[in-house]
Structures are given as structure tokens and as C-alpha cells.
Amino acid sequence: MNLTVQKDFLEIDGKPVFIYGGDLSYCRVPRRYWKERMLQMKAAGLNTVTVYAVWAYHQETPGKFDFEGERDLAAFIDTIAECGMYCIYRMGPFVHGEFHNGGLPQWLVDELGTKARTNDPQYLKYAEEYYNKLIEIAKPRQIQNGGPIIIIQLENELGSAGCKGDDLPRGSESVEENTKHLLFYKDLVTKNGITVPVLDINHIPDKEKYFDSLVDAGGLYPVNCFYCDGDLGDFSMNWWNNHTRPKITIETGGGMFVRYFDVPAYRNTNSFQGPLVPPEMIEGALNLHLAEGCSGVNLYIFCDGQNPDDCGESMLPAKNMNYQAPISVVGRFRKSYYAVKRTGWFLRSFGQELLKSSPSDNWAKVRYTGIAHPGEKNGGDLFNNYDTIRSEEQTDTTDQIKYQARTTKGLNLSESNFLFLRNASNLGSSWKRDVKVLVTPSKLACEVFQEYPKKTQLEMPPQTLKTMPFFVRLAKGNFLEYSTAELLDKREFNGKTQVVLCDSNEIMTETRLVLPSVENIRTAGNVLVMKESPNTVTLIAKMERFPIIVETDDLRLVLMEKHYAEELWDIGSFFAHSETPLSGSEKEIKCLTETEDFCMEWMTPQKPQFESGLNNAEESYDPERSIYRLSGTFDWKTPEIAWKKSYSGEDIIMTAQVGPELLENCKDVVLTLHHDGMIGYAYLDGKLVSDHAYGKFLPWEIGLRGIAETAGELKIVCTKATTCRLETAVQREMILKFR
């Protein structure tokens, strides 16, 4: 495969590719879960895995490297390829990544002190030995050699960031010395056959003089521990108006670490540490990046895990990397997973259309009138001030609808355009009613000024984001002129092009199509069909629990509620809805479940022949919607664990005997603790196996796989706690078979 860096995006084999990635640490996730986590990421629409190579993990003592077993970085990258995903290879040697010493070995820091991460000859000698190992792994795994590696990163934030908890420096004080340091790694990889592009994340001026192929980096932590709660910024054209190469945000916050009240105190912080990150802020960051012209977004991090012994950054809990990531330490999905999944499904179907458009801050203006509901604000009336346009100039800045468009230069219906709307803030937002989108003829397939929507009232509930599509080609001769709902998916279905649109069930949606003919439209569900000409039709619908179907001779449009859409899973070439994550093929569906009850709705053109996997199975098929429904129960038994509860001063202590018998016939046994203490510790026969800060706000998950494989006493200590509630759940991978 060939990779080319264009000005606006990456091309792979001549096609624009939107890079949608997430960070997964092979150091923190056991090898037995590598493939599972990658497939969970892929199920959310991600196509790239980003990974730090951590020096301390591979060289615990001088002169001895270990890349075997759990530390087999080459096998990790090969697994990425096996899953059909790309890899961004972050080589360090300094990585930060919430690792002790930023990933530098302790023996090296002890020996060199402040000479580490500088051009000291001894440091460069050690670094070259390590880099040669990383190059040996990377060279045959570059994309042009059939591997998954598409981009490498040299060093990390050199000149701008050190390791906060361990006070390692940002590099040299001299810009010239930092430039020399970066070029040392560049020369190493170049002379040894590494030719993929380099990610530009280091604060070195005029890097273009030294690198033939660079990709801009960036990032955003809208809610973080660096400056209190934070918030999303305004949309901007600054980068786009000055860019010379594509941009991939290598660190868009998929969550944020939680410090526990800075114990011990850290000298450079003086504010509340450890914010909770709402899913809409993560989705808002994605929305911002897409609107501003990024051709790739990488979520840091995507999967929580556990630090190897003595590898965690000193200001954080020693064992658990609880970053509030979309996938938790035990493989559960948090709410943020479903938010980024909707974006992922949109990008994998319409990413090329998005990449061919350009940011525009003057094509659209968005305004809203009136107030949301009677009584929402101190007894206000629904029609109070209805005739007063509340523009962004007239409204408090925290209560605006933020917006920016991406448009094409063409004037025909096959040129896609997107309008990004945001009614979300970390400070909260109110219901926006009667939103009007006013557009100009500039860069749009129309010749007059337009106002959207045309038949209904566009509303945006609090803390919501929306990407409105305009003039998108759905199939040959079939176009979406506009919709107030969001595009989610596009695939073939029974000889037709199936397109999924989704939105909240609290509001009315309006969708206008341009078709070869409107005569043969067939519908299922509550939808108003307004035929306006022989070739145009407007659909008015409120999303419901069950999908609404609109079909023509060539097109199958599926309208569904947003949260229903978040629980869609790929089954071969089709998809199914289930609260239980699904994967597999039309013949064998895998269910990763923690409950005995199961229910699935499978969108398939023919009724499958169920064979086995459920007790008390009940089936039905809705030919009007082409939906097959299956429900039943699994064989289930929850192991009993005899807990003893005691108190010691201000601490609550739970103890129990655990052993391999608990893990028979299951994937894992998960303990979930809800406590209101400062920090919790879990020990197996005295060895720390899990810890957790912020018990008041985040549940503490402990997977017994890897802990209870050897019998022993599990002791859980919740410090300075008044309550501690414990739940036990069994994770099983069940198989449904069809013929």
C-alpha cells in the first residue's frame, strides 16, 4: 500500500482517509485482551490504534532488553494488522503518558540525573541502543511493506512538556539543543529505512527544513486538571487559513486522569484536581476538530488499564490508570464510548466526503428565537419574546449556539457540505427552540440565499451537538438536499443503498431528498411524506423506539432514535441493535454479556434460521421493516463470594477468599465498588492488585481474571470512607448460532 501526504489529508492507495484513532497501551492491558480491545475500538468506527513504546518497560536494568511475552511490542503491532487497523507508532524515548519518569528507566535517571533527555553523549548512547530495537520492529511493519504503521512520532512535546509528577525537564533550555536532539532521532530512523511520515508534536522551529514528510499534530482537553474545569473553545479558521500540511490531533482527551487531592502536594498546581469529563465534552471536541479541518483525530486514551509495577507517574494512583476512558479497565463501555461511536460510524461512511470539503465561517449563520418550554426560566411563557431574534450578539456568550461549516467549491448536488452545531458547554446550556440556519450562495449548490429548515422548527436540547448534512450524494441519482437529523451509516442492503439518519426522540426532524422519481416511495412507521415535485420529497418524522423506513427503487432510508443508534453492532454485512455488545457473522454472533436476559433486533432482508444459544427463545420477523427480533435467556450462575466487613479507624475493610473456581465457565468476574472514601486499595495476599481514587464519583471496577487465578485472600481497603457497597457481575462470551 502507498501512503501520500497531501496538503489537507492523507491518501492511502490514492484515496483520502480520515484517521480516527485511540490510544491503547500494551503495557497496561494484558496480552490476552489486546485483540478484544482493538475490535471494541473498531466496533466504534475507529480505524487506527496509537501506541507509546515505553523504554522502562523493556529495559529494567542496563544492557538487558525484554521484548518477549507481555512485552512483545512486535506482536502487539501485528495484532493491529490482524484487526485491519492502522498504527501510529509513538517511539519516545521520552513519552510522558502518565508513566514514571515519562517512561525513562529509573536506572538511567539515577545515573544521569538532569542529563537525561539532553544531548549528553551517554544519554544519546543509551537512547540509540533503545531506538535500534524500536526501528527493528517498525521497519518491516510500515504500510508500504504491508504492515499497519502509517505515522511515527519522535520524542514527545520536546521543549514544551516534561513529566509533571516526577519533575523531569522539558528538554534543554536552548532551542538549538532541542533541535539537535530531535534530529538525532530523525537521522537514526532515516538511515535505517523508516520512511513513513513523522508527526509534528515537538516545539522545534522550522521543522520543514529537516523533514520531507510531516503531519501537524494537536490536541484538546476541554475538561482537564491543568486549569480547573475548562470548556470548549470557539470554532476557528486560524489553522486552516495558514496550514501547509494535514493535521491529526494526536491527543484529544478521551477522559482525564484523577489526582487524589495532590497527595503529596505538587508544586505547580493550586486548584482542584481531577475533574469528571462529561461525554458531551468529548463529543464536542470531536465536533470542533472536524469543523476546523482536521483530517484525523486520536483519542487519548481510549482504554483504561493497569500500570506495571513501579511504572505509574508518582502523582497518580500506583496501579490503576483510571482515565475515565471510553473503555474501562474491565472492558466495559462508558457513556463516552457511545458518543464517539456515533462519530466513528459517520466517519467510516462519509469521511471521504468530509475530507473533500473545506472549513467556512461565512457560509451560514445560526440564530434561535423564543424560549424553550413554559416555566423553564422562572415561569416564563412559551411565546414570550417570540418575535425577538436572539442572535449570538444579543445572547450571553455561554448560551450561544456555536457553529461552523465545511463546504465544497462545486455547484452541483454531488458536493457534500456539513454544518457543525454546538449547544453544549461544561457550564451547561439551555434548550434552543426555533433554530434558524441562514446560508449564502457561496460555496453551496444553490443560487439564492436559503433558510433551513423549511417546514418544521429545528430544536436543540441542552448539551447536544449536531452535524447537519447538505447536498450529499447517497446513491446514483439520489441526493440528500438537507436534513436536521445526522448521518450515521451507509451500506448496501438487499440490492439498495441503505442510509441511516438519527436524532433525539424529543424533537421533530426534517429531511429533503432529490430522487429520480418520488412515485414509488414506500414507508413503515410514522413519517409524513410531502411530495413537492416529480423529483423532490420532504420527510417529517419524530424518531421512535423502532426505526422508520422510507424506501424507493434504489434507496432505503432508515430513521432512528439517537440512543438506539448508539447500540448498533456490525453483524457481517448487516447490523443489529442490542444493549449487549455484538460481533461476528450472520452464522455465528458473539455476545459479551453480564446478564442472563437477551434481546436483539437484527436488520436483515431475510429471516435467519435460529439454531442454538438461548433458552426460551422467542422469534419474530417484521417484513415491512426487515427486522428480525430474538429474545431469551442464557444459562447463568453467579458465583458466591463470602465477604467479611470490618472497620479500622476511618477505613472500611472487605476481605474474602478467592480462587480459580470463581472463573470457571466465564470470561471474568467483575467486582464493582461504590465508596465515598478518599482512595481504595485492593491486595491479594498483601500484594497491591488494584487501587482507585474518587470513590464518591466514579465506580471502582476490579476484574478477578489475573487476580483469582491463584487462590488467596483478597483485601479491599476504602480509606476515610463511611459507606462501601459491592456488586458482583459475571462476564461471559455467549454464542448464538444460525443456519
# chains A, B, ... in the order shown; residues from 1 in each chain; ligands from 1
$ residues_around --residues "Ile679 in chain A" --least-positions-apart "3" --cutoff "10 Å" --atoms "only C-alpha atoms" --output "number ranges by chain"
A: 260, 317, 651, 675-676, 691-696, 717-721
$ write_last_selection --atoms "C-alpha atoms" --output "short mmCIF file (atom, residue, chain, number, x, y, z; two decimals), in the first residue's frame"
data_model
loop_
_atom_site.label_atom_id
_atom_site.label_comp_id
_atom_site.auth_asym_id
_atom_site.auth_seq_id
_atom_site.Cartn_x
_atom_site.Cartn_y
_atom_site.Cartn_z
CA TYR A 260 -6.45 12.49 44.64
CA PRO A 317 -2.69 6.03 41.93
CA ASP A 651 -11.32 2.89 56.92
CA HIS A 675 -17.46 4.02 48.21
CA ASP A 676 -17.21 7.59 49.44
CA ASP A 691 -6.36 1.00 43.54
CA HIS A 692 -8.88 3.72 42.89
CA ALA A 693 -9.32 7.40 43.72
CA TYR A 694 -12.56 9.31 43.64
CA GLY A 695 -14.86 6.69 45.04
CA LYS A 696 -17.55 9.32 45.56
CA VAL A 717 -9.46 -1.11 51.96
CA CYS A 718 -11.54 2.05 51.42
CA THR A 719 -9.74 4.84 53.26
CA LYS A 720 -11.63 7.58 55.10
CA ALA A 721 -14.94 6.07 54.00
#
$ select_by_dssp --residues "range 329-575 of chain A" --states "alpha helix (DSSP H)" --output "ChimeraX atom specification"
/A:335-355,562-566
$ write_last_selection --atoms "N, CA and C atoms" --output "short mmCIF file (atom, residue, chain, number, x, y, z; two decimals), in the first residue's frame"
data_model
loop_
_atom_site.label_atom_id
_atom_site.label_comp_id
_atom_site.auth_asym_id
_atom_site.auth_seq_id
_atom_site.Cartn_x
_atom_site.Cartn_y
_atom_site.Cartn_z
N LYS A 335 -20.33 5.81 28.92
CA LYS A 335 -21.23 6.59 28.06
C LYS A 335 -20.47 7.27 26.93
N SER A 336 -19.23 7.66 27.20
CA SER A 336 -18.44 8.33 26.16
C SER A 336 -18.16 7.42 24.98
N TYR A 337 -18.12 6.10 25.20
CA TYR A 337 -17.89 5.16 24.10
C TYR A 337 -18.98 5.33 23.04
N TYR A 338 -20.22 5.45 23.50
CA TYR A 338 -21.33 5.52 22.56
C TYR A 338 -21.35 6.87 21.83
N ALA A 339 -20.88 7.92 22.50
CA ALA A 339 -20.80 9.22 21.84
C ALA A 339 -19.77 9.21 20.73
N VAL A 340 -18.57 8.68 21.01
CA VAL A 340 -17.54 8.64 19.97
C VAL A 340 -17.88 7.61 18.90
N LYS A 341 -18.70 6.64 19.25
CA LYS A 341 -19.10 5.62 18.27
C LYS A 341 -19.98 6.22 17.18
N ARG A 342 -20.90 7.11 17.55
CA ARG A 342 -21.73 7.75 16.51
C ARG A 342 -20.86 8.53 15.54
N THR A 343 -19.85 9.24 16.06
CA THR A 343 -18.92 9.95 15.19
C THR A 343 -18.15 8.97 14.32
N GLY A 344 -17.72 7.86 14.91
CA GLY A 344 -16.95 6.87 14.17
C GLY A 344 -17.72 6.24 13.02
N TRP A 345 -18.98 5.93 13.26
CA TRP A 345 -19.78 5.33 12.18
C TRP A 345 -20.03 6.35 11.07
N PHE A 346 -20.22 7.61 11.45
CA PHE A 346 -20.38 8.65 10.44
C PHE A 346 -19.11 8.78 9.60
N LEU A 347 -17.94 8.78 10.25
CA LEU A 347 -16.69 8.99 9.53
C LEU A 347 -16.37 7.83 8.60
N ARG A 348 -16.66 6.61 9.02
CA ARG A 348 -16.30 5.49 8.16
C ARG A 348 -17.18 5.42 6.91
N SER A 349 -18.38 6.02 6.98
CA SER A 349 -19.26 6.03 5.80
C SER A 349 -19.12 7.31 4.98
N PHE A 350 -18.84 8.44 5.64
CA PHE A 350 -18.85 9.73 4.95
C PHE A 350 -17.56 10.52 5.15
N GLY A 351 -16.50 9.84 5.61
CA GLY A 351 -15.24 10.52 5.85
C GLY A 351 -14.63 11.12 4.60
N GLN A 352 -14.74 10.43 3.47
CA GLN A 352 -14.17 10.97 2.23
C GLN A 352 -14.91 12.23 1.79
N GLU A 353 -16.24 12.24 1.94
CA GLU A 353 -17.00 13.44 1.60
C GLU A 353 -16.57 14.60 2.51
N LEU A 354 -16.35 14.32 3.78
CA LEU A 354 -15.93 15.37 4.71
C LEU A 354 -14.57 15.91 4.32
N LEU A 355 -13.63 15.03 3.98
CA LEU A 355 -12.27 15.47 3.67
C LEU A 355 -12.19 16.31 2.40
N LYS A 562 -31.50 8.48 18.50
CA LYS A 562 -30.06 8.58 18.68
C LYS A 562 -29.50 7.51 19.62
N HIS A 563 -30.13 7.31 20.76
CA HIS A 563 -29.59 6.33 21.71
C HIS A 563 -29.79 4.90 21.20
N TYR A 564 -30.83 4.68 20.43
CA TYR A 564 -30.99 3.38 19.77
C TYR A 564 -29.84 3.17 18.79
N ALA A 565 -29.49 4.23 18.06
CA ALA A 565 -28.41 4.14 17.08
C ALA A 565 -27.07 3.85 17.74
N GLU A 566 -26.88 4.31 18.97
CA GLU A 566 -25.61 4.08 19.67
C GLU A 566 -25.39 2.61 19.99
#
$ residues_around --residues "Pro326 in chain A" --least-positions-apart "3" --cutoff "7 Å" --atoms "only C-alpha atoms" --output "PDB file with N, CA and C atoms, in the first residue's frame"
ATOM      1  N   GLY A 254      -9.870  11.702  25.665  1.00  0.00           N
ATOM      2  CA  GLY A 254     -10.937  10.728  25.797  1.00  0.00           C
ATOM      3  C   GLY A 254     -11.429  10.622  27.225  1.00  0.00           C
ATOM      4  N   PHE A 302      -8.037   5.672  25.023  1.00  0.00           N
ATOM      5  CA  PHE A 302      -9.301   5.037  24.679  1.00  0.00           C
ATOM      6  C   PHE A 302      -9.620   3.857  25.588  1.00  0.00           C
ATOM      7  N   CYS A 303      -8.594   3.252  26.154  1.00  0.00           N
ATOM      8  CA  CYS A 303      -8.807   2.074  27.006  1.00  0.00           C
ATOM      9  C   CYS A 303      -8.058   2.256  28.327  1.00  0.00           C
ATOM     10  N   PHE A 333     -18.119  -0.569  28.521  1.00  0.00           N
ATOM     11  CA  PHE A 333     -18.225   0.668  27.766  1.00  0.00           C
ATOM     12  C   PHE A 333     -18.850   1.755  28.634  1.00  0.00           C
ATOM     13  N   ARG A 334     -18.156   2.884  28.720  1.00  0.00           N
ATOM     14  CA  ARG A 334     -18.727   4.044  29.392  1.00  0.00           C
ATOM     15  C   ARG A 334     -19.600   4.829  28.408  1.00  0.00           C
ATOM     16  N   SER A 336     -19.227   7.663  27.201  1.00  0.00           N
ATOM     17  CA  SER A 336     -18.444   8.334  26.162  1.00  0.00           C
ATOM     18  C   SER A 336     -18.164   7.419  24.980  1.00  0.00           C
ATOM     19  N   TYR A 337     -18.118   6.101  25.201  1.00  0.00           N
ATOM     20  CA  TYR A 337     -17.894   5.163  24.097  1.00  0.00           C
ATOM     21  C   TYR A 337     -18.981   5.328  23.042  1.00  0.00           C
TER      22      TYR A 337
END
$ residues_around --residues "Gly331 in chain A" --least-positions-apart "5" --cutoff "12 Å" --atoms "only C-alpha atoms" --output "compact mmCIF listing (two decimals) with C-alpha atoms, in the first residue's frame"
# COMPACT_ATOMS: atom_id res chain seq x y z
CA VAL A 29 -3.66 -4.10 29.07
CA PRO A 30 -2.83 -7.83 29.39
CA TYR A 33 -7.09 -8.70 25.84
CA TRP A 34 -5.14 -6.93 23.08
CA LYS A 35 -7.24 -8.19 20.20
CA GLU A 36 -10.50 -7.82 22.10
CA ARG A 37 -9.80 -4.17 22.91
CA MET A 38 -8.81 -3.43 19.32
CA LEU A 39 -12.00 -4.99 18.00
CA GLN A 40 -14.00 -3.00 20.55
CA MET A 41 -12.32 0.13 19.21
CA PHE A 302 -9.30 5.04 24.68
CA CYS A 303 -8.81 2.07 27.01
CA ASP A 304 -8.13 2.21 30.73
CA GLY A 305 -5.70 -0.30 32.18
CA ALA A 325 -11.70 6.38 29.08
CA PRO A 326 -14.46 5.11 26.76
CA TYR A 337 -17.89 5.16 24.10
CA PRO A 581 -22.29 -5.69 22.53
CA LEU A 592 -20.30 -10.15 25.53
CA THR A 593 -22.83 -10.03 28.32
CA GLU A 594 -23.21 -9.69 32.08
CA LYS A 667 -14.57 -14.65 30.84
CA ASP A 668 -14.21 -12.66 34.05
CA VAL A 669 -15.82 -11.91 37.38
CA VAL A 670 -16.08 -8.17 37.97
CA GLU A 701 -14.03 -1.97 38.91
CA ILE A 702 -11.86 -4.97 39.78
CA GLY A 703 -11.61 -7.87 37.36
CA ARG A 705 -9.21 -12.66 35.93
CA GLN A 731 -18.78 -11.53 32.11
CA ARG A 732 -19.45 -14.26 29.60
$ residues_around --residues "Val499 in chain A" --least-positions-apart "4" --cutoff "9 Å" --atoms "only C-alpha atoms" --output "ChimeraX atom specification"
/A:474,487-492,555-559
$ write_last_selection --atoms "N, CA and C atoms" --output "PDB file, in the first residue's frame"
ATOM      1  N   LEU A 474     -26.205  10.132  -2.081  1.00  0.00           N
ATOM      2  CA  LEU A 474     -26.430   8.887  -1.354  1.00  0.00           C
ATOM      3  C   LEU A 474     -26.273   7.666  -2.249  1.00  0.00           C
ATOM      4  N   LEU A 487     -26.370  12.103   9.733  1.00  0.00           N
ATOM      5  CA  LEU A 487     -25.975  10.890   9.033  1.00  0.00           C
ATOM      6  C   LEU A 487     -25.194   9.981   9.965  1.00  0.00           C
ATOM      7  N   LEU A 488     -25.484   8.683   9.893  1.00  0.00           N
ATOM      8  CA  LEU A 488     -24.790   7.722  10.751  1.00  0.00           C
ATOM      9  C   LEU A 488     -24.086   6.632   9.961  1.00  0.00           C
ATOM     10  N   ASP A 489     -24.746   6.086   8.937  1.00  0.00           N
ATOM     11  CA  ASP A 489     -24.214   4.880   8.310  1.00  0.00           C
ATOM     12  C   ASP A 489     -24.694   4.792   6.866  1.00  0.00           C
ATOM     13  N   LYS A 490     -23.884   4.126   6.047  1.00  0.00           N
ATOM     14  CA  LYS A 490     -24.241   3.880   4.649  1.00  0.00           C
ATOM     15  C   LYS A 490     -23.669   2.531   4.246  1.00  0.00           C
ATOM     16  N   ARG A 491     -24.521   1.645   3.703  1.00  0.00           N
ATOM     17  CA  ARG A 491     -24.092   0.319   3.262  1.00  0.00           C
ATOM     18  C   ARG A 491     -25.124  -0.256   2.311  1.00  0.00           C
ATOM     19  N   GLU A 492     -24.743  -1.314   1.625  1.00  0.00           N
ATOM     20  CA  GLU A 492     -25.679  -1.982   0.726  1.00  0.00           C
ATOM     21  C   GLU A 492     -26.629  -2.868   1.524  1.00  0.00           C
ATOM     22  N   LEU A 555     -33.064   3.322  -3.043  1.00  0.00           N
ATOM     23  CA  LEU A 555     -32.621   3.835  -1.763  1.00  0.00           C
ATOM     24  C   LEU A 555     -33.480   3.292  -0.631  1.00  0.00           C
ATOM     25  N   ARG A 556     -32.828   3.013   0.491  1.00  0.00           N
ATOM     26  CA  ARG A 556     -33.524   2.610   1.714  1.00  0.00           C
ATOM     27  C   ARG A 556     -33.041   3.532   2.824  1.00  0.00           C
ATOM     28  N   LEU A 557     -33.908   4.422   3.273  1.00  0.00           N
ATOM     29  CA  LEU A 557     -33.586   5.383   4.313  1.00  0.00           C
ATOM     30  C   LEU A 557     -34.132   4.865   5.645  1.00  0.00           C
ATOM     31  N   VAL A 558     -33.265   4.828   6.663  1.00  0.00           N
ATOM     32  CA  VAL A 558     -33.641   4.351   7.989  1.00  0.00           C
ATOM     33  C   VAL A 558     -33.491   5.510   8.963  1.00  0.00           C
ATOM     34  N   LEU A 559     -34.588   5.877   9.626  1.00  0.00           N
ATOM     35  CA  LEU A 559     -34.586   6.958  10.604  1.00  0.00           C
ATOM     36  C   LEU A 559     -34.723   6.347  11.989  1.00  0.00           C
TER      37      LEU A 559
END
